[in-house]
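Pasting final06.csv here (CSV, C-alpha atoms and all ligand atoms):
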chain,number,residue,atom,x,y,z
A,1,MET,CA,113.7,57.3,151.4
A,2,SER,CA,110.5,55.8,149.9
A,3,TYR,CA,110.5,53.1,147.2
A,4,ALA,CA,107.8,51.7,145.0
A,5,ARG,CA,107.3,48.0,145.4
A,6,ILE,CA,105.1,45.5,143.5
A,7,THR,CA,102.9,43.8,146.1
A,8,GLY,CA,100.5,42.0,143.8
A,9,THR,CA,100.2,40.8,140.2
A,10,GLY,CA,97.3,39.7,138.1
A,11,GLY,CA,96.6,38.5,134.5
A,12,TYR,CA,93.6,37.7,132.3
A,13,LEU,CA,93.3,36.0,128.9
A,14,PRO,CA,90.1,35.8,127.0
A,15,ALA,CA,88.6,32.3,126.9
A,16,LYS,CA,89.0,31.8,123.1
A,17,ALA,CA,92.4,30.4,122.1
A,18,LEU,CA,93.2,30.6,118.4
A,19,THR,CA,95.7,28.0,117.4
A,20,ASN,CA,98.1,28.1,114.4
A,21,ALA,CA,96.2,25.1,113.0
A,22,GLU,CA,93.0,27.3,113.0
A,23,LEU,CA,94.9,30.1,111.3
A,24,GLU,CA,95.9,27.8,108.5
A,25,HIS,CA,92.3,27.9,107.4
A,26,LEU,CA,92.1,31.7,107.5
A,27,VAL,CA,95.3,32.8,105.7
A,28,ASP,CA,98.1,31.3,103.6
A,29,THR,CA,100.3,30.2,106.5
A,30,THR,CA,101.4,27.0,108.3
A,31,ASP,CA,101.9,26.0,111.9
A,32,ALA,CA,105.6,25.2,110.9
A,33,TRP,CA,106.2,28.8,109.6
A,34,ILE,CA,104.7,30.5,112.6
A,35,THR,CA,106.4,28.3,115.1
A,36,GLU,CA,109.9,28.5,113.5
A,37,ARG,CA,109.8,32.3,112.8
A,38,THR,CA,108.0,33.5,115.9
A,39,GLY,CA,107.7,30.7,118.6
A,40,ILE,CA,103.9,31.3,118.8
A,41,LYS,CA,101.6,28.3,119.0
A,42,LYS,CA,98.4,30.1,120.0
A,43,ARG,CA,97.0,33.5,121.0
A,44,HIS,CA,93.8,34.5,122.8
A,45,ILE,CA,91.0,36.5,121.2
A,46,ALA,CA,88.5,38.6,123.0
A,47,ALA,CA,84.8,37.7,122.5
A,48,PRO,CA,82.9,40.2,120.3
A,49,ASP,CA,81.3,41.9,123.4
A,50,GLU,CA,84.4,41.7,125.5
A,51,THR,CA,86.3,45.1,125.8
A,52,CYS,CA,89.7,46.3,126.8
A,53,CYS,CA,88.2,47.4,130.2
A,54,ASP,CA,86.7,44.0,130.8
A,55,LEU,CA,90.1,42.4,130.4
A,56,ALA,CA,91.8,45.1,132.5
A,57,GLU,CA,89.2,44.7,135.3
A,58,ARG,CA,89.8,40.9,135.6
A,59,ALA,CA,93.6,41.5,135.8
A,60,ALA,CA,93.3,44.4,138.2
A,61,ARG,CA,91.1,42.5,140.6
A,62,ALA,CA,93.5,39.5,140.7
A,63,ALA,CA,96.4,41.8,141.4
A,64,LEU,CA,94.5,43.6,144.2
A,65,GLN,CA,93.6,40.3,145.7
A,66,MET,CA,97.2,39.1,145.8
A,67,ALA,CA,98.3,42.4,147.4
A,68,ASN,CA,95.5,42.0,150.0
A,69,ARG,CA,94.2,45.4,148.9
A,70,HIS,CA,90.6,46.6,148.4
A,71,PRO,CA,89.9,48.8,145.4
A,72,THR,CA,89.2,51.7,147.7
A,73,ASP,CA,92.9,51.6,148.7
A,74,VAL,CA,93.9,52.6,145.2
A,75,ASP,CA,94.9,56.2,144.8
A,76,LEU,CA,96.3,56.1,141.2
A,77,ILE,CA,95.4,54.2,138.1
A,78,VAL,CA,97.8,54.2,135.1
A,79,LEU,CA,96.6,52.0,132.2
A,80,ALA,CA,98.7,51.3,129.1
A,81,THR,CA,96.8,50.4,126.0
A,82,THR,CA,96.8,50.9,122.2
A,83,THR,CA,93.2,49.6,121.9
A,84,PRO,CA,91.1,51.6,124.4
A,85,ASN,CA,87.3,51.1,124.7
A,86,HIS,CA,86.6,54.7,123.5
A,87,VAL,CA,88.3,57.8,122.1
A,88,PHE,CA,87.4,59.1,125.6
A,89,PRO,CA,87.0,58.8,128.5
A,90,SER,CA,90.2,56.9,129.0
A,91,THR,CA,90.0,53.2,129.8
A,92,ALA,CA,91.6,54.0,133.1
A,93,CYS,CA,88.6,56.1,134.0
A,94,LEU,CA,86.2,53.3,132.9
A,95,LEU,CA,88.2,50.9,135.1
A,96,GLN,CA,88.1,53.3,138.0
A,97,GLN,CA,84.3,53.3,137.8
A,98,ARG,CA,84.1,49.5,137.5
A,99,LEU,CA,86.2,49.2,140.7
A,100,GLY,CA,84.0,51.6,142.5
A,101,VAL,CA,86.9,54.0,143.2
A,102,HIS,CA,86.3,57.7,142.9
A,103,GLY,CA,88.4,60.8,142.8
A,104,CYS,CA,92.0,59.5,142.4
A,105,ALA,CA,94.0,60.3,139.2
A,106,ALA,CA,93.4,57.8,136.4
A,107,PHE,CA,94.8,58.1,132.9
A,108,ASP,CA,95.9,56.0,129.9
A,109,ILE,CA,99.4,55.8,128.4
A,110,GLN,CA,99.9,55.0,124.8
A,111,ALA,CA,103.4,53.6,124.0
A,112,VAL,CA,102.3,50.5,122.2
A,113,CYS,CA,104.3,47.4,123.2
A,114,THR,CA,106.4,49.5,125.6
A,115,GLY,CA,103.3,50.8,127.2
A,116,PHE,CA,103.5,48.8,130.5
A,117,ILE,CA,107.1,49.9,131.0
A,118,TYR,CA,106.1,53.5,130.5
A,119,ALA,CA,103.1,53.1,132.8
A,120,LEU,CA,105.4,51.5,135.5
A,121,GLY,CA,107.9,54.3,135.1
A,122,VAL,CA,105.3,57.0,135.5
A,123,ALA,CA,103.5,55.3,138.5
A,124,GLU,CA,106.8,54.5,140.2
A,125,ARG,CA,107.7,58.3,140.1
A,126,PHE,CA,104.3,59.1,141.7
A,127,VAL,CA,104.7,56.6,144.5
A,128,ARG,CA,108.4,57.3,145.2
A,129,THR,CA,107.8,61.0,145.5
A,130,GLY,CA,104.7,60.7,147.7
A,131,GLY,CA,102.1,61.5,145.0
A,132,ALA,CA,100.4,58.1,145.5
A,133,LYS,CA,100.6,55.2,148.1
A,134,CYS,CA,98.9,52.4,146.2
A,135,ALA,CA,98.9,52.5,142.4
A,136,LEU,CA,97.3,50.1,140.0
A,137,VAL,CA,99.4,49.7,136.9
A,138,VAL,CA,97.7,47.9,134.0
A,139,GLY,CA,98.5,46.8,130.5
A,140,ALA,CA,95.4,45.7,128.5
A,141,GLU,CA,94.8,45.1,124.8
A,142,THR,CA,92.2,44.0,122.3
A,143,LEU,CA,94.6,44.0,119.4
A,144,SER,CA,92.5,41.5,117.5
A,145,ARG,CA,90.2,44.5,116.7
A,146,ILE,CA,92.9,46.2,114.7
A,147,LEU,CA,94.2,43.2,112.8
A,148,ASN,CA,93.7,42.7,109.1
A,149,TRP,CA,92.7,39.0,109.1
A,150,GLU,CA,93.8,38.8,105.4
A,151,ASP,CA,97.4,39.9,106.1
A,152,ARG,CA,99.4,36.8,107.1
A,153,GLY,CA,102.4,39.0,107.9
A,154,THR,CA,100.6,40.5,111.0
A,155,CYS,CA,97.5,38.6,111.9
A,156,VAL,CA,99.4,35.5,113.1
A,157,LEU,CA,101.5,37.6,115.6
A,158,PHE,CA,99.1,39.3,118.0
A,159,GLY,CA,96.7,38.4,120.7
A,160,ASP,CA,94.4,39.9,123.4
A,161,GLY,CA,94.9,40.0,127.2
A,162,ALA,CA,95.6,42.1,130.3
A,163,GLY,CA,98.1,42.1,133.1
A,164,ALA,CA,98.3,44.3,136.2
A,165,VAL,CA,100.4,45.1,139.2
A,166,VAL,CA,99.8,46.9,142.5
A,167,LEU,CA,102.6,49.3,143.3
A,168,GLU,CA,102.9,50.5,146.8
A,169,ALA,CA,105.1,52.9,148.8
A,170,SER,CA,107.6,50.9,150.8
A,171,ASP,CA,110.8,51.6,152.8
A,172,ARG,CA,112.6,48.8,150.9
A,173,PRO,CA,113.2,48.5,147.2
A,174,GLY,CA,111.3,48.0,144.9
A,175,ILE,CA,111.7,49.4,141.5
A,176,LEU,CA,115.4,50.3,141.2
A,177,SER,CA,115.2,52.2,137.9
A,178,THR,CA,113.2,52.6,134.7
A,179,HIS,CA,114.5,53.8,131.4
A,180,LEU,CA,112.1,55.2,128.8
A,181,HIS,CA,112.9,56.1,125.2
A,182,ALA,CA,111.3,56.9,121.9
A,183,ASP,CA,112.3,57.9,118.3
A,184,GLY,CA,109.4,59.0,116.1
A,185,ARG,CA,111.5,58.8,113.0
A,186,PHE,CA,110.6,55.2,112.7
A,187,ALA,CA,106.8,55.6,112.9
A,188,GLU,CA,106.4,54.3,109.3
A,189,LEU,CA,107.8,50.9,110.1
A,190,LEU,CA,105.0,49.9,112.5
A,191,ASN,CA,101.7,51.7,112.8
A,192,VAL,CA,98.0,51.9,112.3
A,193,PRO,CA,98.0,54.7,109.8
A,194,TYR,CA,94.4,56.0,110.3
A,195,GLY,CA,92.8,57.6,113.3
A,196,VAL,CA,90.4,60.3,114.5
A,197,SER,CA,92.2,63.4,113.1
A,198,SER,CA,93.9,61.7,110.1
A,199,GLY,CA,92.3,59.3,107.7
A,200,TYR,CA,89.0,59.2,109.7
A,201,GLU,CA,87.1,58.0,106.6
A,202,ARG,CA,89.4,54.9,106.4
A,203,LEU,CA,88.9,54.3,110.1
A,204,LEU,CA,85.1,54.5,109.6
A,205,ALA,CA,85.4,52.2,106.6
A,206,GLY,CA,87.0,49.6,108.9
A,207,GLU,CA,90.4,49.8,107.3
A,208,ALA,CA,92.5,50.9,110.3
A,209,PHE,CA,94.8,47.9,110.8
A,210,ILE,CA,98.3,47.2,112.1
A,211,GLN,CA,100.9,47.5,109.4
A,212,MET,CA,104.4,46.4,109.9
A,213,LYS,CA,107.7,46.1,108.0
A,214,GLY,CA,108.5,43.0,110.1
A,215,ASN,CA,112.0,42.4,109.0
A,216,GLU,CA,113.2,46.0,109.6
A,217,VAL,CA,111.4,46.1,113.0
A,218,PHE,CA,113.1,42.8,113.9
A,219,LYS,CA,116.6,44.1,113.3
A,220,MET,CA,115.9,47.4,115.1
A,221,ALA,CA,114.4,45.5,118.1
A,222,VAL,CA,117.4,43.2,118.6
A,223,ASN,CA,119.9,46.1,118.4
A,224,THR,CA,117.9,48.5,120.6
A,225,LEU,CA,117.1,45.9,123.3
A,226,GLY,CA,120.8,45.1,123.5
A,227,ARG,CA,121.5,48.8,124.2
A,228,ILE,CA,118.8,49.2,126.8
A,229,VAL,CA,120.0,46.2,128.7
A,230,ASP,CA,123.5,47.8,128.8
A,231,GLU,CA,122.1,51.1,129.9
A,232,THR,CA,120.2,49.5,132.7
A,233,LEU,CA,123.1,47.5,134.0
A,234,GLU,CA,125.4,50.5,133.9
A,235,HIS,CA,123.0,52.8,135.6
A,236,ASN,CA,122.6,50.4,138.5
A,237,GLN,CA,126.3,49.5,138.6
A,238,ILE,CA,125.4,45.8,138.4
A,239,ASP,CA,126.6,42.8,136.4
A,240,GLN,CA,124.6,40.5,134.1
A,241,ALA,CA,125.1,37.7,136.7
A,242,ASP,CA,123.1,39.8,139.3
A,243,ILE,CA,119.9,39.4,137.3
A,244,ASP,CA,117.7,36.5,138.5
A,245,TRP,CA,115.0,36.8,135.9
A,246,LEU,CA,114.6,38.5,132.5
A,247,ILE,CA,111.0,39.4,131.5
A,248,PRO,CA,111.1,40.5,127.9
A,249,HIS,CA,108.3,41.9,125.8
A,250,GLN,CA,106.8,38.8,124.1
A,251,ALA,CA,107.0,39.6,120.4
A,252,ASN,CA,109.1,36.8,118.9
A,253,ILE,CA,111.1,34.0,120.5
A,254,ARG,CA,114.1,34.9,118.2
A,255,ILE,CA,114.2,38.4,119.6
A,256,ILE,CA,113.9,37.1,123.2
A,257,GLN,CA,116.8,34.6,122.6
A,258,ALA,CA,119.0,37.3,121.1
A,259,THR,CA,118.5,39.5,124.2
A,260,ALA,CA,119.1,36.6,126.5
A,261,ARG,CA,122.4,35.8,124.7
A,262,LYS,CA,123.5,39.4,125.1
A,263,LEU,CA,122.8,39.1,128.8
A,264,LYS,CA,124.5,35.7,128.9
A,265,MET,CA,121.3,34.4,130.6
A,266,PRO,CA,120.3,30.8,130.1
A,267,MET,CA,116.8,30.5,128.7
A,268,GLU,CA,115.7,28.8,132.0
A,269,ARG,CA,116.0,32.3,133.6
A,270,VAL,CA,113.9,34.0,131.0
A,271,VAL,CA,110.1,34.1,131.3
A,272,VAL,CA,108.6,33.1,128.0
A,273,THR,CA,104.9,33.2,127.3
A,274,VAL,CA,105.0,34.0,123.6
A,275,GLU,CA,104.2,30.4,122.7
A,276,ASP,CA,100.8,30.6,124.5
A,277,HIS,CA,99.9,34.3,124.4
A,278,GLY,CA,101.4,35.6,121.1
A,279,ASN,CA,102.3,39.4,121.2
A,280,THR,CA,99.8,41.1,123.5
A,281,SER,CA,101.6,44.5,123.2
A,282,ALA,CA,101.2,46.4,126.5
A,283,ALA,CA,99.8,43.4,128.3
A,284,SER,CA,102.7,41.0,127.5
A,285,ILE,CA,105.1,41.9,130.3
A,286,PRO,CA,102.6,42.1,133.2
A,287,LEU,CA,101.0,38.9,132.0
A,288,ALA,CA,104.4,37.1,131.9
A,289,LEU,CA,105.3,38.5,135.3
A,290,ASP,CA,102.0,37.2,136.7
A,291,VAL,CA,102.6,33.7,135.2
A,292,ALA,CA,106.1,33.5,136.8
A,293,VAL,CA,105.0,34.8,140.2
A,294,ARG,CA,102.1,32.5,140.4
A,295,ASP,CA,104.0,29.4,139.3
A,296,GLY,CA,106.6,30.1,142.0
A,297,ARG,CA,109.6,31.0,139.8
A,298,ILE,CA,109.9,34.6,140.8
A,299,ARG,CA,110.2,35.0,144.6
A,300,GLU,CA,110.5,37.8,147.0
A,301,GLY,CA,113.9,39.5,146.7
A,302,ASP,CA,114.7,38.3,143.2
A,303,MET,CA,116.3,40.8,140.8
A,304,VAL,CA,114.1,41.1,137.7
A,305,MET,CA,114.8,43.0,134.5
A,306,MET,CA,112.0,43.9,132.1
A,307,GLU,CA,112.5,45.2,128.6
A,308,ALA,CA,110.3,46.2,125.7
A,309,PHE,CA,110.3,47.6,122.2
A,310,GLY,CA,107.4,48.7,120.1
A,311,GLY,CA,105.7,51.1,117.7
A,312,GLY,CA,106.8,54.7,117.8
A,313,PHE,CA,109.5,53.4,118.0
A,314,THR,CA,109.3,53.3,121.8
A,315,TRP,CA,111.6,51.2,124.0
A,316,GLY,CA,112.4,50.9,127.7
A,317,SER,CA,113.4,48.8,130.6
A,318,ALA,CA,112.8,48.4,134.4
A,319,LEU,CA,115.0,46.8,137.0
A,320,LEU,CA,113.4,45.8,140.3
A,321,ARG,CA,113.7,43.7,143.4
A,322,TYR,CA,110.5,41.6,143.5
B,1,LIG,O1,105.9,44.1,119.3
B,1,LIG,C1,106.4,45.1,118.6
B,1,LIG,C2,107.6,44.8,117.8
B,1,LIG,N1,107.4,43.8,116.8
B,1,LIG,C3,108.3,42.9,116.6
B,1,LIG,O2,109.3,42.9,117.2
B,1,LIG,C4,108.1,42.0,115.4
B,1,LIG,C5,109.4,42.0,114.6
B,1,LIG,N2,109.3,41.1,113.4
B,1,LIG,C6,109.2,39.8,113.5
B,1,LIG,O3,109.0,39.2,114.5
B,1,LIG,C7,109.5,39.1,112.2
B,1,LIG,O4,110.0,39.9,111.2
B,1,LIG,C8,108.2,38.4,111.5
B,1,LIG,C9,107.8,37.2,112.4
B,1,LIG,C10,107.1,39.4,111.5
B,1,LIG,C11,108.5,37.9,110.2
B,1,LIG,O5,109.6,37.0,110.2
B,1,LIG,P1,110.8,37.2,109.2
B,1,LIG,O6,111.7,36.0,109.4
B,1,LIG,O7,111.4,38.5,109.3
B,1,LIG,O8,110.1,36.9,107.8
B,1,LIG,P2,110.0,38.0,106.5
B,1,LIG,O9,109.1,39.1,106.9
B,1,LIG,O10,111.4,38.3,106.0
B,1,LIG,O11,109.3,37.0,105.5
B,1,LIG,C12,109.9,35.9,105.0
B,1,LIG,C13,108.9,35.2,104.1
B,1,LIG,C14,108.3,36.1,103.0
B,1,LIG,O12,108.1,35.3,101.8
B,1,LIG,P3,109.2,35.5,100.6
B,1,LIG,O13,109.1,37.0,100.3
B,1,LIG,O14,110.5,35.2,101.2
B,1,LIG,O15,108.6,34.6,99.6
B,1,LIG,C15,106.9,36.3,103.6
B,1,LIG,O16,105.9,36.6,102.6
B,1,LIG,O17,107.8,34.6,104.9
B,1,LIG,C16,106.6,35.0,104.3
B,1,LIG,N3,105.6,35.1,105.3
B,1,LIG,C17,104.8,34.1,105.7
B,1,LIG,N4,104.8,32.8,105.3
B,1,LIG,C18,103.9,32.0,106.0
B,1,LIG,C19,105.3,36.2,106.1
B,1,LIG,N5,104.3,35.9,106.9
B,1,LIG,C20,104.0,34.6,106.8
B,1,LIG,C21,103.1,33.7,107.4
B,1,LIG,N6,103.1,32.4,106.9
B,1,LIG,N7,102.3,34.1,108.4
Take the structure in the file and give it back as structure tokens.
Ligand code: UT7
Amino acid sequence: MSYARITGTGGYLPAKALTNAELEHLVDTTDAWITERTGIKKRHIAAPDETCCDLAERAARAALQMANRHPTDVDLIVLATTTPNHVFPSTACLLQQRLGVHGCAAFDIQAVCTGFIYALGVAERFVRTGGAKCALVVGAETLSRILNWEDRGTCVLFGDGAGAVVLEASDRPGILSTHLHADGRFAELLNVPYGVSSGYERLLAGEAFIQMKGNEVFKMAVNTLGRIVDETLEHNQIDQADIDWLIPHQANIRIIQATARKLKMPMERVVVTVEDHGNTSAASIPLALDVAVRDGRIREGDMVMMEAFGGGFTWGSALLRY
């Protein structure tokens, strides 16, 4: 029996940190409102010439270094993003070229904030069934490019960044299960309504921004994440108490606290980066994982649950032994 194990993690945040105090000068908001309603204090913003692939490359190289792997060891690249460099080729292909790897499968996954969980679920199946031995799984976003900097309801929430893991075939677990879901009926609540084959003129006019009915998304997120946690525990026949670390998608501290309560987990066992990173969509979970691995909280053998919810709606979870 072969498993897929994470053997290295990496993360990268652009140099520019945008604080709530700075946002007070851009839109009608306050540090107090943002802090109380979201838990966010700052977010990082990519430089004008810094691309999604640039961020992904930094995170990927850090993960490979931790795993003691050379880029030429990689035989699969799965990259989750909502903000790719180009319409095509995929950012995964651009990353492959940057790393000097040639020939292996490389593709993007678009599941918005659940993107990393989807990418991990797909890569894990490749590795477990012998289709790859050393996969690079990346979540990378330049969300600042699709924010309306005049909309205080969204521009204070999101940030840029990238996180990556190396996933290798192993005879010990590993990823124990992944659970991926979607329901397109809720597309209207959270979206960028213009793209290449619909509303292209608005896209060209620079009007393709994130739109969100925040309050409705909030309620759905809390309920759905509660259900996915139950599904994951039941599938693995384990108890809440068996989980050492919860790594939630970092959208809002109040959503994170609600999920932790549901799992009866003290906040000390929850990895929280939303204060410093904001919501980095597909990058948020691998970035948080990298932070907690590098500061020594998550250690080999720990049981880790990851969960996410995002546009689509999409939602999902992963349970793993680190
Ligand atoms: O990652 C994908 C999933 N995304 C999420 O999970 C995000 C889910 N939603 C949320 O996190 C929250 O709904 C928000 C943080 C977006 C908003 O918090 P809320 O507690 O749901 O506030 P609200 O939307 O109900 O707005 C309350 C008030 C409104 O004013 P009125 O109508 O009560 O006068 C808003 O206009 O807060 C106002 N408001 C703001 N005030 C200051 C909205 N944005 C801001 C702002 N600064 N930035």
In Å to one decimal, how far is CA of Asp49 (chain A) from CA of Pro14 (chain A)?
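So the two atoms, CA of Pro14 (chain A) and CA of Asp49 (chain A), lie 11.3 Å apart.
Counting only C-alpha atoms and all ligand atoms, the residue from A:Leu289, A:Val165, A:Ala182, A:Val112 that sits nearest to ligand LIG 1 (chain B) is A:Val112.
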Between A:His44, A:Lys262, A:Arg37, A:Arg294, which is the closest to ligand LIG 1 (chain B) once you count only C-alpha atoms and all ligand atoms?
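Once distances to ligand LIG 1 (chain B) are computed over only C-alpha atoms and all ligand atoms, the minimum belongs to A:Arg37.
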Neighbouring residues of region 96-98 of chain A were defined as those with any atom within 10 Å, considering only C-alpha atoms; residues of the same chain fewer than 2 positions away were excluded. Please report them as a ChimeraX atom specification.
/A:53-54,57,71-72,74,76-77,90-94,100-107,136
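With all atoms listed in the file as the atoms that count, the residue of A:Met303, A:Leu99, A:Leu64, A:Leu143 with the shortest distance to Asn236 (chain A) is A:Met303.
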What gap, in Å, lies between CA of Trp315 (chain A) and CA of Leu180 (chain A)?
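We find that CA of Trp315 (chain A) and CA of Leu180 (chain A) lie 6.3 Å from each other.
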With a distance cut-off of 10 Å and all atoms listed in the file, select the neighbouring residues of Leu176 (chain A), excluding the residue or stretch itself and same-chain residues fewer than 6 positions from it, and output the selection as a list in words.
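So the residues in contact are Tyr3, Ala4, Arg5, Glu124, Thr232, His235, Asn236, Met303, Val304, Met305, Ala318, Leu319, Leu320 and Arg321 of chain A.
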Place N, CA, C and O atoms on region 193-208 of chain A and deliver the coordinates as a PDB file, keeping the file's coordinate frame.
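So the final result, stored in rebuild_18.pdb, reads:
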ATOM      1  N   PRO A 193      97.818  53.403 110.379  1.00  0.00           N
ATOM      2  CA  PRO A 193      98.000  54.700 109.800  1.00  0.00           C
ATOM      3  C   PRO A 193      96.766  55.629 109.785  1.00  0.00           C
ATOM      4  O   PRO A 193      96.862  56.771 109.345  1.00  0.00           O
ATOM      5  N   TYR A 194      95.625  55.156 110.285  1.00  0.00           N
ATOM      6  CA  TYR A 194      94.400  56.000 110.300  1.00  0.00           C
ATOM      7  C   TYR A 194      93.903  56.156 111.713  1.00  0.00           C
ATOM      8  O   TYR A 194      94.006  55.245 112.527  1.00  0.00           O
ATOM      9  N   GLY A 195      93.328  57.352 111.971  1.00  0.00           N
ATOM     10  CA  GLY A 195      92.800  57.600 113.300  1.00  0.00           C
ATOM     11  C   GLY A 195      91.748  58.696 113.247  1.00  0.00           C
ATOM     12  O   GLY A 195      91.182  58.978 112.186  1.00  0.00           O
ATOM     13  N   VAL A 196      91.510  59.347 114.384  1.00  0.00           N
ATOM     14  CA  VAL A 196      90.400  60.300 114.500  1.00  0.00           C
ATOM     15  C   VAL A 196      90.744  61.588 113.666  1.00  0.00           C
ATOM     16  O   VAL A 196      89.906  62.091 112.923  1.00  0.00           O
ATOM     17  N   SER A 197      91.961  62.106 113.765  1.00  0.00           N
ATOM     18  CA  SER A 197      92.200  63.400 113.100  1.00  0.00           C
ATOM     19  C   SER A 197      93.030  63.214 111.807  1.00  0.00           C
ATOM     20  O   SER A 197      93.425  64.194 111.185  1.00  0.00           O
ATOM     21  N   SER A 198      93.234  61.996 111.385  1.00  0.00           N
ATOM     22  CA  SER A 198      93.900  61.700 110.100  1.00  0.00           C
ATOM     23  C   SER A 198      93.411  60.418 109.551  1.00  0.00           C
ATOM     24  O   SER A 198      93.526  59.389 110.200  1.00  0.00           O
ATOM     25  N   GLY A 199      92.815  60.497 108.356  1.00  0.00           N
ATOM     26  CA  GLY A 199      92.300  59.300 107.700  1.00  0.00           C
ATOM     27  C   GLY A 199      91.059  58.727 108.404  1.00  0.00           C
ATOM     28  O   GLY A 199      90.830  57.519 108.435  1.00  0.00           O
ATOM     29  N   TYR A 200      90.237  59.638 108.930  1.00  0.00           N
ATOM     30  CA  TYR A 200      89.000  59.200 109.700  1.00  0.00           C
ATOM     31  C   TYR A 200      88.098  58.384 108.818  1.00  0.00           C
ATOM     32  O   TYR A 200      87.474  57.434 109.299  1.00  0.00           O
ATOM     33  N   GLU A 201      88.016  58.734 107.521  1.00  0.00           N
ATOM     34  CA  GLU A 201      87.100  58.000 106.600  1.00  0.00           C
ATOM     35  C   GLU A 201      87.542  56.540 106.526  1.00  0.00           C
ATOM     36  O   GLU A 201      86.702  55.632 106.506  1.00  0.00           O
ATOM     37  N   ARG A 202      88.866  56.313 106.474  1.00  0.00           N
ATOM     38  CA  ARG A 202      89.400  54.900 106.400  1.00  0.00           C
ATOM     39  C   ARG A 202      89.113  54.193 107.697  1.00  0.00           C
ATOM     40  O   ARG A 202      88.856  52.988 107.691  1.00  0.00           O
ATOM     41  N   LEU A 203      89.177  54.945 108.792  1.00  0.00           N
ATOM     42  CA  LEU A 203      88.900  54.300 110.100  1.00  0.00           C
ATOM     43  C   LEU A 203      87.405  53.882 110.106  1.00  0.00           C
ATOM     44  O   LEU A 203      87.094  52.742 110.457  1.00  0.00           O
ATOM     45  N   LEU A 204      86.502  54.782 109.654  1.00  0.00           N
ATOM     46  CA  LEU A 204      85.100  54.500 109.600  1.00  0.00           C
ATOM     47  C   LEU A 204      84.789  53.302 108.667  1.00  0.00           C
ATOM     48  O   LEU A 204      83.882  52.511 108.872  1.00  0.00           O
ATOM     49  N   ALA A 205      85.595  53.219 107.603  1.00  0.00           N
ATOM     50  CA  ALA A 205      85.400  52.200 106.600  1.00  0.00           C
ATOM     51  C   ALA A 205      85.940  50.817 107.097  1.00  0.00           C
ATOM     52  O   ALA A 205      85.894  49.815 106.375  1.00  0.00           O
ATOM     53  N   GLY A 206      86.496  50.802 108.315  1.00  0.00           N
ATOM     54  CA  GLY A 206      87.000  49.600 108.900  1.00  0.00           C
ATOM     55  C   GLY A 206      88.331  49.130 108.263  1.00  0.00           C
ATOM     56  O   GLY A 206      88.608  47.944 108.106  1.00  0.00           O
ATOM     57  N   GLU A 207      89.157  50.120 107.902  1.00  0.00           N
ATOM     58  CA  GLU A 207      90.400  49.800 107.300  1.00  0.00           C
ATOM     59  C   GLU A 207      91.643  50.177 108.127  1.00  0.00           C
ATOM     60  O   GLU A 207      92.769  50.243 107.617  1.00  0.00           O
ATOM     61  N   ALA A 208      91.392  50.487 109.390  1.00  0.00           N
ATOM     62  CA  ALA A 208      92.500  50.900 110.300  1.00  0.00           C
ATOM     63  C   ALA A 208      93.123  49.701 110.941  1.00  0.00           C
ATOM     64  O   ALA A 208      92.694  49.273 112.014  1.00  0.00           O
TER      65      ALA A 208
END
